[in-house]
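Asks: Take a look at this one; I'll ask things after.
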Amino acid sequence: VVTPAAGFVEPWAAVVMGLLVSPVCYLAISKLKARLGYDDALDAFGCHGVGGLLGGVLTGLFCVPELSWTGKGGLLYTGDPSLLVSQVLGILVTLAIVVVLDLLLVAAVRAVFGGLRVSERDEALGLDVSVHGESAYPAFTGLDS
C-alpha cells in the first residue's frame with residue numbers, strides 16, 4: 001500500500017495506510033478469491049494488486065504538497081480533490097489496459113496450448129513429473145494420502 005505513496009506521505013500517514021490495507025487484503029485473500037474462484041497460490045493479487053490499488057487511492061488523500069513534484073497535495077492537506085481524481089483515473093486506465101492485455105494473453109495461451117490448466121492428474125502428480133519427467137523429491141508422488 002505504501003509503494004505508490006513512498007516519498008509522498010508522512011510516516012504517520014504510512015502507518016494509517018498500513019492499518020487500513022491489512023483488513024482489506026485479508027478480505028481479498030479470504031473472501032474475494034473464494035467468491036471469484038481464481039487460482040492464485042501465492043495470493044499476489046490479494047496482497048500486491050489490491051494493496052497497490054488502495055495505496056494509489058490513499059496517495060490522493062495523504063500526499064504532502066511539498067513532497068509532490070506536481071505541487072498538488074492530497075485531499076486531506078489541500079481540500080482539492082484533483083490529485084485524488086487523477087489517482088483514481090490512472091488506476092482505472094491501468095486496470096483497463098491490464099484486462100485487455102490479459103484477455104489477449106489468455107487467448108494466445110489457449111490457442112497454442114489448448115487451455116490454461118493441466119489435467120487434475122498431472123497437477124496431483126506435480127508438473128516436474130508430468131511435464132518434465134523428473135522429480136526434485138523422488139519419494140513423493142503427489143498422490144500419497
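Chains: A, B, ... in order of the C-alpha cells. Residues: from 1 per chain. Ligands: from 1, in order shown.
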Excluding Ala6 of chain A and any residue of its chain fewer than 2 positions from it, enumerate the residues within 12 Å of it, using only C-alpha atoms, and give them as a PDB file with all heavy atoms, in the first residue's frame.
Replies:
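The new file result.pdb reads:
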ATOM      1  N   VAL A   1       0.821  -1.200   0.000  1.00  0.00           N
ATOM      2  CA  VAL A   1       0.000   0.000   0.000  1.00  0.00           C
ATOM      3  C   VAL A   1       0.859   1.257   0.000  1.00  0.00           C
ATOM      4  O   VAL A   1       0.484   2.281  -0.551  1.00  0.00           O
ATOM      5  CB  VAL A   1      -0.988   0.011   1.184  1.00  0.00           C
ATOM      6  CG1 VAL A   1      -0.285   0.286   2.497  1.00  0.00           C
ATOM      7  CG2 VAL A   1      -2.072   1.030   0.981  1.00  0.00           C
ATOM      8  N   VAL A   2       2.020   1.193   0.591  1.00  0.00           N
ATOM      9  CA  VAL A   2       2.815   2.414   0.686  1.00  0.00           C
ATOM     10  C   VAL A   2       3.714   2.595  -0.535  1.00  0.00           C
ATOM     11  O   VAL A   2       4.218   3.692  -0.757  1.00  0.00           O
ATOM     12  CB  VAL A   2       3.626   2.448   2.005  1.00  0.00           C
ATOM     13  CG1 VAL A   2       4.890   1.630   1.894  1.00  0.00           C
ATOM     14  CG2 VAL A   2       3.928   3.868   2.411  1.00  0.00           C
ATOM     15  N   THR A   3       3.873   1.602  -1.354  1.00  0.00           N
ATOM     16  CA  THR A   3       4.745   1.744  -2.523  1.00  0.00           C
ATOM     17  C   THR A   3       4.320   2.897  -3.424  1.00  0.00           C
ATOM     18  O   THR A   3       5.167   3.711  -3.797  1.00  0.00           O
ATOM     19  CB  THR A   3       4.815   0.423  -3.309  1.00  0.00           C
ATOM     20  OG1 THR A   3       5.300  -0.599  -2.441  1.00  0.00           O
ATOM     21  CG2 THR A   3       5.725   0.537  -4.504  1.00  0.00           C
ATOM     22  N   PRO A   4       3.049   3.023  -3.804  1.00  0.00           N
ATOM     23  CA  PRO A   4       2.683   4.173  -4.636  1.00  0.00           C
ATOM     24  C   PRO A   4       2.881   5.508  -3.919  1.00  0.00           C
ATOM     25  O   PRO A   4       3.079   6.533  -4.558  1.00  0.00           O
ATOM     26  CB  PRO A   4       1.196   3.969  -4.930  1.00  0.00           C
ATOM     27  CG  PRO A   4       0.911   2.551  -4.616  1.00  0.00           C
ATOM     28  CD  PRO A   4       1.918   2.136  -3.579  1.00  0.00           C
ATOM     29  N   PHE A   8       6.011  10.429  -0.701  1.00  0.00           N
ATOM     30  CA  PHE A   8       4.994  11.481  -0.855  1.00  0.00           C
ATOM     31  C   PHE A   8       4.114  11.656   0.377  1.00  0.00           C
ATOM     32  O   PHE A   8       3.288  12.557   0.414  1.00  0.00           O
ATOM     33  CB  PHE A   8       4.097  11.192  -2.064  1.00  0.00           C
ATOM     34  CG  PHE A   8       4.855  11.099  -3.349  1.00  0.00           C
ATOM     35  CD1 PHE A   8       5.080   9.872  -3.948  1.00  0.00           C
ATOM     36  CD2 PHE A   8       5.361  12.239  -3.949  1.00  0.00           C
ATOM     37  CE1 PHE A   8       5.792   9.791  -5.135  1.00  0.00           C
ATOM     38  CE2 PHE A   8       6.076  12.170  -5.132  1.00  0.00           C
ATOM     39  CZ  PHE A   8       6.292  10.933  -5.729  1.00  0.00           C
ATOM     40  N   VAL A   9       4.255  10.765   1.350  1.00  0.00           N
ATOM     41  CA  VAL A   9       3.426  10.853   2.551  1.00  0.00           C
ATOM     42  C   VAL A   9       4.320  10.897   3.785  1.00  0.00           C
ATOM     43  O   VAL A   9       5.472  10.478   3.748  1.00  0.00           O
ATOM     44  CB  VAL A   9       2.435   9.674   2.673  1.00  0.00           C
ATOM     45  CG1 VAL A   9       1.474   9.645   1.506  1.00  0.00           C
ATOM     46  CG2 VAL A   9       3.154   8.351   2.817  1.00  0.00           C
ATOM     47  N   GLU A  10       3.770  11.406   4.868  1.00  0.00           N
ATOM     48  CA  GLU A  10       4.489  11.442   6.137  1.00  0.00           C
ATOM     49  C   GLU A  10       4.404  10.076   6.819  1.00  0.00           C
ATOM     50  O   GLU A  10       3.513   9.273   6.505  1.00  0.00           O
ATOM     51  CB  GLU A  10       3.895  12.528   7.028  1.00  0.00           C
ATOM     52  CG  GLU A  10       4.133  13.923   6.468  1.00  0.00           C
ATOM     53  CD  GLU A  10       3.553  15.015   7.332  1.00  0.00           C
ATOM     54  OE1 GLU A  10       2.809  14.717   8.288  1.00  0.00           O
ATOM     55  OE2 GLU A  10       3.838  16.187   7.052  1.00  0.00           O
ATOM     56  N   PRO A  11       5.315   9.792   7.752  1.00  0.00           N
ATOM     57  CA  PRO A  11       5.308   8.486   8.422  1.00  0.00           C
ATOM     58  C   PRO A  11       3.975   8.139   9.080  1.00  0.00           C
ATOM     59  O   PRO A  11       3.538   6.991   9.015  1.00  0.00           O
ATOM     60  CB  PRO A  11       6.433   8.609   9.460  1.00  0.00           C
ATOM     61  CG  PRO A  11       7.378   9.599   8.852  1.00  0.00           C
ATOM     62  CD  PRO A  11       6.496  10.588   8.138  1.00  0.00           C
ATOM     63  N   ALA A  13       1.049   8.911   8.119  1.00  0.00           N
ATOM     64  CA  ALA A  13       0.109   8.515   7.070  1.00  0.00           C
ATOM     65  C   ALA A  13       0.423   7.110   6.572  1.00  0.00           C
ATOM     66  O   ALA A  13      -0.490   6.334   6.266  1.00  0.00           O
ATOM     67  CB  ALA A  13       0.136   9.513   5.914  1.00  0.00           C
ATOM     68  N   ALA A  14       1.711   6.778   6.511  1.00  0.00           N
ATOM     69  CA  ALA A  14       2.093   5.422   6.109  1.00  0.00           C
ATOM     70  C   ALA A  14       1.574   4.385   7.101  1.00  0.00           C
ATOM     71  O   ALA A  14       1.117   3.309   6.709  1.00  0.00           O
ATOM     72  CB  ALA A  14       3.618   5.322   5.974  1.00  0.00           C
ATOM     73  N   VAL A  15       1.617   4.722   8.377  1.00  0.00           N
ATOM     74  CA  VAL A  15       1.078   3.815   9.410  1.00  0.00           C
ATOM     75  C   VAL A  15      -0.430   3.662   9.245  1.00  0.00           C
ATOM     76  O   VAL A  15      -0.967   2.543   9.282  1.00  0.00           O
ATOM     77  CB  VAL A  15       1.436   4.323  10.825  1.00  0.00           C
ATOM     78  CG1 VAL A  15       0.695   3.526  11.889  1.00  0.00           C
ATOM     79  CG2 VAL A  15       2.932   4.249  11.057  1.00  0.00           C
ATOM     80  N   MET A  17      -2.119   4.063   6.523  1.00  0.00           N
ATOM     81  CA  MET A  17      -2.338   3.287   5.301  1.00  0.00           C
ATOM     82  C   MET A  17      -2.138   1.795   5.573  1.00  0.00           C
ATOM     83  O   MET A  17      -2.912   0.958   5.094  1.00  0.00           O
ATOM     84  CB  MET A  17      -1.385   3.769   4.200  1.00  0.00           C
ATOM     85  CG  MET A  17      -1.711   5.172   3.712  1.00  0.00           C
ATOM     86  SD  MET A  17      -0.458   5.866   2.627  1.00  0.00           S
ATOM     87  CE  MET A  17      -0.836   5.000   1.107  1.00  0.00           C
ATOM     88  N   GLY A  52      -1.885  -2.411  -3.722  1.00  0.00           N
ATOM     89  CA  GLY A  52      -1.406  -1.335  -4.592  1.00  0.00           C
ATOM     90  C   GLY A  52      -2.524  -0.427  -5.061  1.00  0.00           C
ATOM     91  O   GLY A  52      -2.359   0.797  -5.139  1.00  0.00           O
ATOM     92  N   GLY A  55      -3.388   1.699  -2.165  1.00  0.00           N
ATOM     93  CA  GLY A  55      -2.306   2.657  -1.963  1.00  0.00           C
ATOM     94  C   GLY A  55      -2.357   3.806  -2.946  1.00  0.00           C
ATOM     95  O   GLY A  55      -2.091   4.957  -2.591  1.00  0.00           O
ATOM     96  N   GLY A  56      -2.715   3.515  -4.187  1.00  0.00           N
ATOM     97  CA  GLY A  56      -2.858   4.575  -5.175  1.00  0.00           C
ATOM     98  C   GLY A  56      -3.945   5.559  -4.816  1.00  0.00           C
ATOM     99  O   GLY A  56      -3.777   6.772  -4.946  1.00  0.00           O
ATOM    100  N   LEU A  58      -5.190   6.039  -1.708  1.00  0.00           N
ATOM    101  CA  LEU A  58      -4.835   6.729  -0.467  1.00  0.00           C
ATOM    102  C   LEU A  58      -3.752   7.784  -0.680  1.00  0.00           C
ATOM    103  O   LEU A  58      -3.675   8.755   0.077  1.00  0.00           O
ATOM    104  CB  LEU A  58      -4.416   5.714   0.601  1.00  0.00           C
ATOM    105  CG  LEU A  58      -5.536   4.806   1.113  1.00  0.00           C
ATOM    106  CD1 LEU A  58      -5.000   3.795   2.113  1.00  0.00           C
ATOM    107  CD2 LEU A  58      -6.671   5.611   1.710  1.00  0.00           C
ATOM    108  N   THR A  59      -2.926   7.613  -1.699  1.00  0.00           N
ATOM    109  CA  THR A  59      -1.939   8.645  -2.030  1.00  0.00           C
ATOM    110  C   THR A  59      -2.661   9.947  -2.373  1.00  0.00           C
ATOM    111  O   THR A  59      -2.191  11.036  -2.024  1.00  0.00           O
ATOM    112  CB  THR A  59      -1.054   8.194  -3.208  1.00  0.00           C
ATOM    113  OG1 THR A  59      -0.383   6.994  -2.834  1.00  0.00           O
ATOM    114  CG2 THR A  59      -0.027   9.246  -3.565  1.00  0.00           C
ATOM    115  N   PHE A  62      -3.417  11.436   1.166  1.00  0.00           N
ATOM    116  CA  PHE A  62      -2.369  11.753   2.129  1.00  0.00           C
ATOM    117  C   PHE A  62      -1.127  12.429   1.554  1.00  0.00           C
ATOM    118  O   PHE A  62      -0.194  12.709   2.295  1.00  0.00           O
ATOM    119  CB  PHE A  62      -1.924  10.479   2.862  1.00  0.00           C
ATOM    120  CG  PHE A  62      -2.986   9.860   3.716  1.00  0.00           C
ATOM    121  CD1 PHE A  62      -3.376   8.544   3.508  1.00  0.00           C
ATOM    122  CD2 PHE A  62      -3.589  10.568   4.733  1.00  0.00           C
ATOM    123  CE1 PHE A  62      -4.343   7.955   4.302  1.00  0.00           C
ATOM    124  CE2 PHE A  62      -4.564   9.994   5.535  1.00  0.00           C
ATOM    125  CZ  PHE A  62      -4.938   8.683   5.322  1.00  0.00           C
ATOM    126  N   CYS A  63      -1.067  12.692   0.265  1.00  0.00           N
ATOM    127  CA  CYS A  63       0.130  13.269  -0.347  1.00  0.00           C
ATOM    128  C   CYS A  63       0.397  14.680   0.207  1.00  0.00           C
ATOM    129  O   CYS A  63      -0.471  15.540   0.205  1.00  0.00           O
ATOM    130  CB  CYS A  63      -0.028  13.335  -1.863  1.00  0.00           C
ATOM    131  SG  CYS A  63       1.426  13.993  -2.703  1.00  0.00           S
ATOM    132  N   VAL A  64       1.633  14.876   0.664  1.00  0.00           N
ATOM    133  CA  VAL A  64       2.049  16.178   1.183  1.00  0.00           C
ATOM    134  C   VAL A  64       2.402  17.070  -0.011  1.00  0.00           C
ATOM    135  O   VAL A  64       3.234  16.691  -0.829  1.00  0.00           O
ATOM    136  CB  VAL A  64       3.272  16.018   2.117  1.00  0.00           C
ATOM    137  CG1 VAL A  64       3.754  17.368   2.608  1.00  0.00           C
ATOM    138  CG2 VAL A  64       2.931  15.099   3.275  1.00  0.00           C
ATOM    139  N   LEU A  67       6.014  17.615  -1.006  1.00  0.00           N
ATOM    140  CA  LEU A  67       6.740  16.425  -1.456  1.00  0.00           C
ATOM    141  C   LEU A  67       6.360  16.008  -2.879  1.00  0.00           C
ATOM    142  O   LEU A  67       6.992  15.138  -3.459  1.00  0.00           O
ATOM    143  CB  LEU A  67       6.496  15.256  -0.495  1.00  0.00           C
ATOM    144  CG  LEU A  67       6.958  15.471   0.945  1.00  0.00           C
ATOM    145  CD1 LEU A  67       6.592  14.270   1.799  1.00  0.00           C
ATOM    146  CD2 LEU A  67       8.443  15.745   0.998  1.00  0.00           C
ATOM    147  N   SER A  68       5.325  16.593  -3.406  1.00  0.00           N
ATOM    148  CA  SER A  68       4.833  16.240  -4.738  1.00  0.00           C
ATOM    149  C   SER A  68       5.515  17.098  -5.793  1.00  0.00           C
ATOM    150  O   SER A  68       5.572  18.318  -5.666  1.00  0.00           O
ATOM    151  CB  SER A  68       3.322  16.457  -4.807  1.00  0.00           C
ATOM    152  OG  SER A  68       2.857  16.303  -6.125  1.00  0.00           O
TER     153      SER A  68
END
Asks: Run DSSP on the backbone and tell me which residues of chain A come out as helix (DSSP H, G or I); list them as a ChimeraX atom specification.
Replies: /A:11-36,44-62,65-67,75-78,82-113,120-125,127-130
Asks: Nearest to Val57 of chain A: which of A:Leu89, A:Asp80, A:Gly7, A:Val100 is it, counting only C-alpha atoms?
Replies: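 So, comparing all the options, the nearest one is A:Leu89.
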Asks: If we count only C-alpha atoms and set the cut-off at 6 Å, which residues sit around segment 22-36 of chain A, ignoring sequence neighbours fewer than 3 positions away in its own chain? Please answer as a PyMOL selection string.
Replies: chain A and resi 19+46-47
Asks: Which residue out of A:Ala108, A:Leu76, A:Leu54, A:Ala41 has the minimum interatomic distance to Val21 of chain A when only C-alpha atoms are used?
Replies: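 Smallest separation from Val21 of chain A among the options: A:Leu54.
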